[in-house]
$ cat model.txt   # compact mmCIF, C-alpha atoms
# COMPACT_ATOMS: atom_id res chain seq x y z
CA MET Q 1307 -137.79 42.43 -97.09
CA ASP Q 1308 -134.27 41.82 -95.75
CA ASP Q 1309 -134.50 38.25 -97.01
CA GLU Q 1310 -132.46 35.17 -96.07
CA PRO Q 1311 -131.38 33.26 -99.21
CA ALA Q 1312 -129.44 30.59 -97.31
CA CYS Q 1313 -132.46 29.69 -95.17
CA GLU Q 1314 -135.17 30.27 -97.77
CA GLY Q 1315 -133.54 28.15 -100.45
CA PHE Q 1316 -133.08 30.58 -103.31
CA ASP Q 1317 -130.26 32.37 -105.10
CA ARG Q 1318 -130.29 36.17 -105.13
CA VAL Q 1319 -128.96 37.78 -108.30
CA GLU Q 1320 -127.91 41.43 -108.15
CA ARG Q 1321 -126.96 43.16 -111.38
CA GLY Q 1322 -126.91 46.77 -110.30
CA ASP Q 1323 -130.01 47.78 -112.24
CA VAL Q 1324 -132.11 44.79 -111.15
CA THR Q 1325 -132.34 42.31 -108.27
CA TYR Q 1326 -134.18 39.02 -108.54
CA LYS Q 1327 -134.30 35.58 -106.95
CA VAL Q 1328 -134.37 32.09 -108.41
CA GLY Q 1329 -135.74 29.35 -106.17
CA ALA Q 1330 -135.43 25.59 -106.09
CA ASP Q 1331 -139.19 25.13 -106.60
CA PRO Q 1332 -141.52 26.57 -109.26
CA LEU Q 1333 -143.86 28.45 -106.89
CA PRO Q 1334 -144.32 32.19 -107.49
CA TRP Q 1335 -143.12 33.41 -104.10
CA SER Q 1336 -139.84 31.52 -104.53
CA ASN Q 1337 -138.98 33.30 -107.78
CA GLY Q 1338 -139.22 36.90 -108.82
CA VAL Q 1339 -137.94 40.44 -109.15
CA SER Q 1340 -137.67 42.74 -106.14
CA TYR Q 1341 -135.97 45.80 -107.62
CA ALA Q 1342 -135.50 47.43 -111.01
CA ARG Q 1343 -134.06 50.77 -112.05
CA TRP Q 1344 -134.11 51.47 -115.79
CA ARG Q 1345 -134.29 54.39 -118.17
CA PRO Q 1346 -137.68 54.68 -119.93
CA GLU Q 1347 -136.39 53.21 -123.20
CA GLU Q 1348 -134.95 50.20 -121.32
CA VAL Q 1349 -138.06 49.20 -119.37
CA GLU Q 1350 -139.85 47.13 -121.98
CA PRO Q 1351 -136.87 45.17 -123.38
CA ARG Q 1352 -135.31 44.49 -119.97
CA ALA Q 1353 -138.59 43.46 -118.35
CA THR Q 1354 -139.48 41.25 -121.31
CA GLU Q 1355 -136.07 39.60 -121.08
CA LEU Q 1356 -136.54 38.70 -117.42
CA ILE Q 1357 -140.11 37.45 -117.94
CA ALA Q 1358 -138.84 35.17 -120.72
CA MET Q 1359 -136.09 33.86 -118.43
CA PHE Q 1360 -138.54 32.81 -115.69
CA ARG Q 1361 -140.94 31.28 -118.20
CA ALA Q 1362 -138.13 29.31 -119.81
CA ARG Q 1363 -137.46 27.77 -116.40
CA GLY Q 1364 -141.12 26.77 -116.12
CA ALA Q 1365 -141.44 28.81 -112.94
CA ALA Q 1366 -144.26 30.96 -111.70
CA PHE Q 1367 -142.91 34.24 -110.34
CA THR Q 1368 -143.67 37.59 -108.75
CA TRP Q 1369 -142.56 41.12 -109.57
CA GLN Q 1370 -142.47 43.76 -106.85
CA ILE Q 1371 -142.85 47.45 -107.59
CA GLY Q 1372 -141.84 49.28 -104.43
CA PRO Q 1373 -140.50 52.65 -103.30
CA ASN Q 1374 -137.00 51.94 -104.69
CA THR Q 1375 -138.22 50.91 -108.14
CA ASP Q 1376 -137.57 53.47 -110.87
CA ALA Q 1377 -138.93 52.14 -114.16
CA VAL Q 1378 -141.57 54.30 -115.80
CA GLY Q 1379 -144.29 52.24 -117.45
CA LEU Q 1380 -143.27 48.96 -115.80
CA SER Q 1381 -146.79 48.03 -114.66
CA ARG Q 1382 -148.07 48.46 -118.23
CA VAL Q 1383 -145.37 46.12 -119.54
CA LEU Q 1384 -146.13 43.52 -116.88
CA ALA Q 1385 -149.85 43.58 -117.68
CA ALA Q 1386 -149.16 43.32 -121.40
CA ASN Q 1387 -147.10 40.19 -120.71
CA GLY Q 1388 -149.91 38.47 -118.83
CA LEU Q 1389 -149.02 39.27 -115.21
CA ARG Q 1390 -151.78 40.34 -112.84
CA ARG Q 1391 -151.57 42.61 -109.82
CA GLU Q 1392 -151.90 40.35 -106.78
CA VAL Q 1393 -151.08 42.79 -103.96
CA ASP Q 1394 -151.72 46.51 -103.61
CA ALA Q 1395 -150.21 47.42 -100.28
CA LEU Q 1396 -148.69 50.16 -98.16
CA LEU Q 1397 -145.37 50.00 -96.34
CA LEU Q 1398 -146.05 51.09 -92.77
CA VAL Q 1399 -143.64 51.71 -89.90
CA ALA Q 1400 -143.99 52.26 -86.16
CA ALA Q 1401 -141.79 52.58 -83.11
CA LEU Q 1402 -142.08 49.77 -80.57
CA PRO Q 1403 -143.89 49.26 -78.33
CA ILE Q 1404 -146.95 50.58 -80.13
CA ARG Q 1405 -149.41 52.80 -78.30
CA GLY Q 1406 -152.53 51.48 -76.64
CA ARG Q 1407 -153.67 47.98 -75.81
CA LEU Q 1408 -154.83 45.34 -78.24
CA PRO Q 1409 -158.23 43.77 -77.51
CA THR Q 1410 -158.67 40.41 -75.81
CA HIS Q 1411 -159.59 37.41 -77.95
CA ASP Q 1412 -160.71 33.78 -77.82
CA LEU Q 1413 -157.85 32.32 -79.86
CA ARG Q 1414 -154.96 30.00 -79.10
CA LEU Q 1415 -151.73 31.22 -80.68
CA ASP Q 1416 -149.05 28.60 -81.39
CA GLU Q 1417 -145.61 29.39 -82.74
CA GLU Q 1418 -144.88 27.61 -86.02
CA THR Q 1419 -142.22 25.07 -85.12
CA ASP Q 1420 -143.01 21.70 -86.71
CA GLU Q 1421 -144.84 19.85 -89.48
CA ARG Q 1422 -148.22 20.17 -87.74
CA THR Q 1423 -148.13 23.94 -87.41
CA ALA Q 1424 -146.50 24.47 -90.81
CA SER Q 1425 -149.13 22.29 -92.49
CA ASP Q 1426 -151.97 24.02 -90.66
CA ALA Q 1427 -150.62 27.39 -91.79
CA VAL Q 1428 -150.34 26.40 -95.45
CA ARG Q 1429 -153.83 24.88 -95.52
CA ILE Q 1430 -155.50 28.12 -94.44
CA ASP Q 1431 -155.48 29.07 -98.12
CA ARG Q 1432 -158.18 26.68 -99.34
CA ASP Q 1433 -157.33 27.21 -103.03
CA ARG Q 1434 -153.98 25.41 -102.88
CA THR Q 1435 -153.58 22.07 -104.62
CA PRO Q 1436 -152.19 18.99 -102.81
CA ASP Q 1437 -148.89 19.31 -104.72
CA GLU Q 1438 -148.59 22.99 -103.82
CA ILE Q 1439 -149.34 22.24 -100.16
CA ARG Q 1440 -146.64 19.56 -100.10
CA ILE Q 1441 -144.04 21.83 -101.72
CA ARG Q 1442 -144.86 24.74 -99.43
CA VAL Q 1443 -144.75 22.63 -96.27
CA GLU Q 1444 -141.39 21.11 -97.27
CA ALA Q 1445 -139.98 24.56 -98.01
CA ARG Q 1446 -141.26 25.96 -94.73
CA LEU Q 1447 -139.82 23.08 -92.71
CA GLY Q 1448 -136.48 23.66 -94.40
CA TYR Q 1449 -136.61 27.28 -93.27
CA LEU Q 1450 -137.63 26.42 -89.71
CA ARG Q 1451 -134.69 24.00 -89.42
CA CYS Q 1452 -132.18 26.59 -90.63
CA PRO Q 1453 -129.90 27.44 -87.66
CA SER Q 1454 -129.32 31.01 -88.80
CA ARG Q 1455 -132.96 31.96 -89.51
CA ARG Q 1456 -134.14 35.33 -88.25
CA GLY Q 1457 -137.88 34.72 -88.55
CA GLY Q 1458 -140.79 32.48 -87.80
CA GLY Q 1459 -144.55 32.20 -87.83
CA VAL Q 1460 -147.58 31.99 -85.56
CA VAL Q 1461 -150.81 30.04 -86.16
CA ALA Q 1462 -154.12 31.14 -84.63
CA TYR Q 1463 -156.58 28.42 -83.59
CA ARG Q 1464 -160.22 28.78 -82.67
CA ARG Q 1465 -161.65 25.64 -81.06
CA ASP Q 1466 -158.70 23.66 -82.51
CA GLN Q 1467 -159.29 24.88 -86.07
CA ALA Q 1468 -156.48 26.85 -87.71
CA VAL Q 1469 -158.07 30.17 -88.67
CA GLY Q 1470 -155.12 32.53 -89.16
CA TYR Q 1471 -151.39 32.80 -89.70
CA GLY Q 1472 -148.70 35.45 -89.73
CA ARG Q 1473 -144.93 35.57 -90.20
CA TRP Q 1474 -142.21 37.80 -88.87
CA ARG Q 1475 -138.55 38.34 -89.66
CA TYR Q 1476 -135.97 40.23 -87.63
CA GLY Q 1477 -133.88 42.62 -89.67
CA SER Q 1478 -130.16 42.24 -90.15
CA ASP Q 1479 -129.82 45.67 -88.46
CA GLY Q 1480 -130.71 44.02 -85.14
CA GLY Q 1481 -133.46 46.46 -84.21
CA THR Q 1482 -136.30 45.96 -86.70
CA VAL Q 1483 -139.05 43.38 -87.08
CA PHE Q 1484 -140.67 42.88 -90.49
CA LEU Q 1485 -144.23 41.52 -90.46
CA SER Q 1486 -145.68 39.76 -93.50
CA THR Q 1487 -147.92 36.98 -94.81
CA ALA Q 1488 -150.94 37.60 -92.58
CA MET Q 1489 -153.87 35.36 -93.58
CA THR Q 1490 -157.29 34.71 -92.05
CA LEU Q 1491 -159.66 31.90 -92.97
CA ARG Q 1492 -162.56 33.56 -94.77
CA PRO Q 1493 -165.41 32.72 -92.34
CA HIS Q 1494 -163.30 34.12 -89.47
CA ARG Q 1495 -162.41 37.48 -90.99
CA HIS Q 1496 -163.43 40.57 -88.99
CA THR Q 1497 -163.48 38.53 -85.77
CA GLY Q 1498 -160.19 39.71 -84.25
CA VAL Q 1499 -157.87 37.11 -85.79
CA TYR Q 1500 -155.60 39.58 -87.58
CA THR Q 1501 -155.30 41.82 -84.54
CA ALA Q 1502 -154.44 38.86 -82.27
CA ILE Q 1503 -151.70 37.67 -84.65
CA LEU Q 1504 -150.39 41.22 -84.90
CA GLY Q 1505 -150.23 41.56 -81.13
CA TRP Q 1506 -148.45 38.23 -80.65
CA ARG Q 1507 -145.72 39.18 -83.14
CA LEU Q 1508 -145.25 42.70 -81.77
CA GLU Q 1509 -145.07 41.49 -78.16
CA ARG Q 1510 -142.44 38.94 -79.10
CA ALA Q 1511 -140.41 41.58 -80.93
CA VAL Q 1512 -140.51 43.89 -77.90
CA ARG Q 1513 -139.38 41.04 -75.62
CA ASP Q 1514 -136.49 40.41 -78.01
CA GLY Q 1515 -135.42 44.04 -77.85
CA LYS Q 1516 -136.69 45.29 -81.22
CA THR Q 1517 -137.46 48.98 -81.45
CA ALA Q 1518 -139.21 49.34 -84.83
CA ALA Q 1519 -141.75 47.43 -86.89
CA VAL Q 1520 -142.24 47.45 -90.67
CA VAL Q 1521 -145.41 45.97 -92.17
CA VAL Q 1522 -146.61 45.31 -95.71
CA ALA Q 1523 -150.32 46.04 -95.28
CA GLU Q 1524 -153.17 45.68 -97.76
CA ARG Q 1525 -154.63 49.13 -98.43
CA ALA Q 1526 -158.25 48.08 -97.97
CA SER Q 1527 -157.96 45.69 -95.02
CA SER Q 1528 -155.01 45.63 -92.61
CA ALA Q 1529 -153.61 49.12 -93.34
CA PRO Q 1530 -156.49 51.01 -91.65
CA ILE Q 1531 -156.19 48.78 -88.56
CA LEU Q 1532 -152.47 49.40 -88.30
CA MET Q 1533 -152.69 53.14 -88.86
CA ARG Q 1534 -155.12 53.38 -85.95
CA LYS Q 1535 -152.42 51.72 -83.84
CA GLY Q 1536 -149.85 54.39 -84.70
CA PHE Q 1537 -148.24 53.02 -87.87
CA ARG Q 1538 -147.44 55.56 -90.57
CA GLU Q 1539 -147.08 55.20 -94.31
CA VAL Q 1540 -143.64 55.40 -95.91
CA GLY Q 1541 -144.45 54.11 -99.39
CA GLY Q 1542 -146.47 51.77 -101.55
CA LEU Q 1543 -145.84 48.25 -102.78
CA GLN Q 1544 -147.44 46.36 -105.64
CA VAL Q 1545 -146.80 42.69 -106.26
CA TRP Q 1546 -147.55 41.34 -109.72
CA ILE Q 1547 -147.77 37.61 -110.29
CA ALA Q 1548 -147.35 35.23 -113.23
CA VAL Q 1549 -148.55 31.64 -112.84
$ encode --input "model.txt" --output "C-alpha cells"
Amino acid sequence: MDDEPACEGFDRVERGDVTYKVGADPLPWSNGVSYARWRPEEVEPRATELIAMFRARGAAFTWQIGPNTDAVGLSRVLAANGLRREVDALLLVAALPIRGRLPTHDLRLDEETDERTASDAVRIDRDRTPDEIRIRVEARLGYLRCPSRRGGGVVAYRRDQAVGYGRWRYGSDGGTVFLSTAMTLRPHRHTGVYTAILGWRLERAVRDGKTAAVVVAERASSAPILMRKGFREVGGLQVWIAV
C-alpha cells in the first residue's frame, strides 16, 4: 500500500490495465502483481502471460486481489497455474486516535533501526532458510538506510527473546499510517504481543500528526481485535503466492 520503490529496491511497472513490481531479489514479496483490470475474455491469457514472465526470471512472486481489482475468474486462473492463497484479509480503517485504552503488557518494544533488530525481526518466522534470512536482512537494512523512507518497524521482546514484529508506513498524503506485516512467535500468540505492537505503532502515528490508520488484517485473527477497537471494514484483500 502506497509503496516506495526507490527505498524498497524494486521497479514498479504500470500498464493501465495492470500494475506489478519486479525486485532485485527472487523473494515473493519483492515481486508481484498489485492491480489488474481486464475483461472476462482477457483474464486467463493476460494472467498466464504475467505468470510466465515471473517464472522466466526465476522469481517467486505474489498476486494481490483487492478492492480495485476487476478480473472475473482471476482466482481460478491463479489456482490452475499453481499459486496458493497465502493471505485472506480485510482492509480496515479508523480515525486516530482510536477509542479506548490498550492493555498493559510485559514486553520491551524496540524500533527497528539496525542489523540486530532487523535480524531479530526476520528470524521470528522459523521456517525461513539461512539464505532467505540473509537476503531479507540485507533488503531491510537497505530500506532502513534510505533517507526518504516513510516507514519502519518495531520488534517486541519478552525476556530478551524477540517474540513479535510489526511494520508501518506513512502515506504520501501526509495524514495516513498503513500498518502491515504483524507477526508473533507461535508460543507467544494470544498473550498480548499483537496488541502491544499495534499500540506502539498507533501512538507513534498520533505523535507524528497522523489522523487515519489503514490495516491489512487477517479475517480470523487480527481483524476481530481491530474491529473491537473501532476499525471498520472497507474491503477485502487476498494475496496469492507462487514459490
$ closest_residue --input "model.txt" --among "Q:Ala1400, Q:Ile1439, Q:Leu1491, Q:Ala1362" --to "Tyr1463 of chain Q" --atoms "all atoms listed in the file"
Q:Leu1491
$ atom_distance --input "model.txt" --atom1 "atom CA of Gly1457 of chain Q" --atom2 "atom CA of Gly1470 of chain Q"
17.4 Å
$ closest_residue --input "model.txt" --among "Q:Thr1354, Q:Pro1334, Q:Pro1409, Q:Ala1519" --to "Arg1538 of chain Q" --atoms "all atoms listed in the file"
Q:Ala1519
$ atom_distance --input "model.txt" --atom1 "atom CA of Ala1427 of chain Q" --atom2 "atom CA of Arg1507 of chain Q"
15.4 Å
$ residues_around --input "model.txt" --residues "Phe1360 of chain Q" --least-positions-apart "4" --cutoff "10 Å" --atoms "all atoms listed in the file" --output "list in words"
Val1328, Pro1332, Asn1337, Gly1338, Glu1355, Leu1356, Gly1364, Ala1365, Ala1366, Phe1367, Thr1368 and Ala1548 of chain Q
$ atom_distance --input "model.txt" --atom1 "atom CA of Tyr1449 of chain Q" --atom2 "atom CA of Arg1495 of chain Q"
27.8 Å
$ closest_residue --input "model.txt" --among "Q:Arg1464, Q:Lys1535, Q:Arg1407, Q:Arg1455" --to "Cys1313 of chain Q" --atoms "only C-alpha atoms"
Q:Arg1455
$ closest_residue --input "model.txt" --among "Q:Leu1415, Q:Val1383, Q:Val1399, Q:Leu1485" --to "Asp1308 of chain Q" --atoms "only C-alpha atoms"
Q:Leu1485
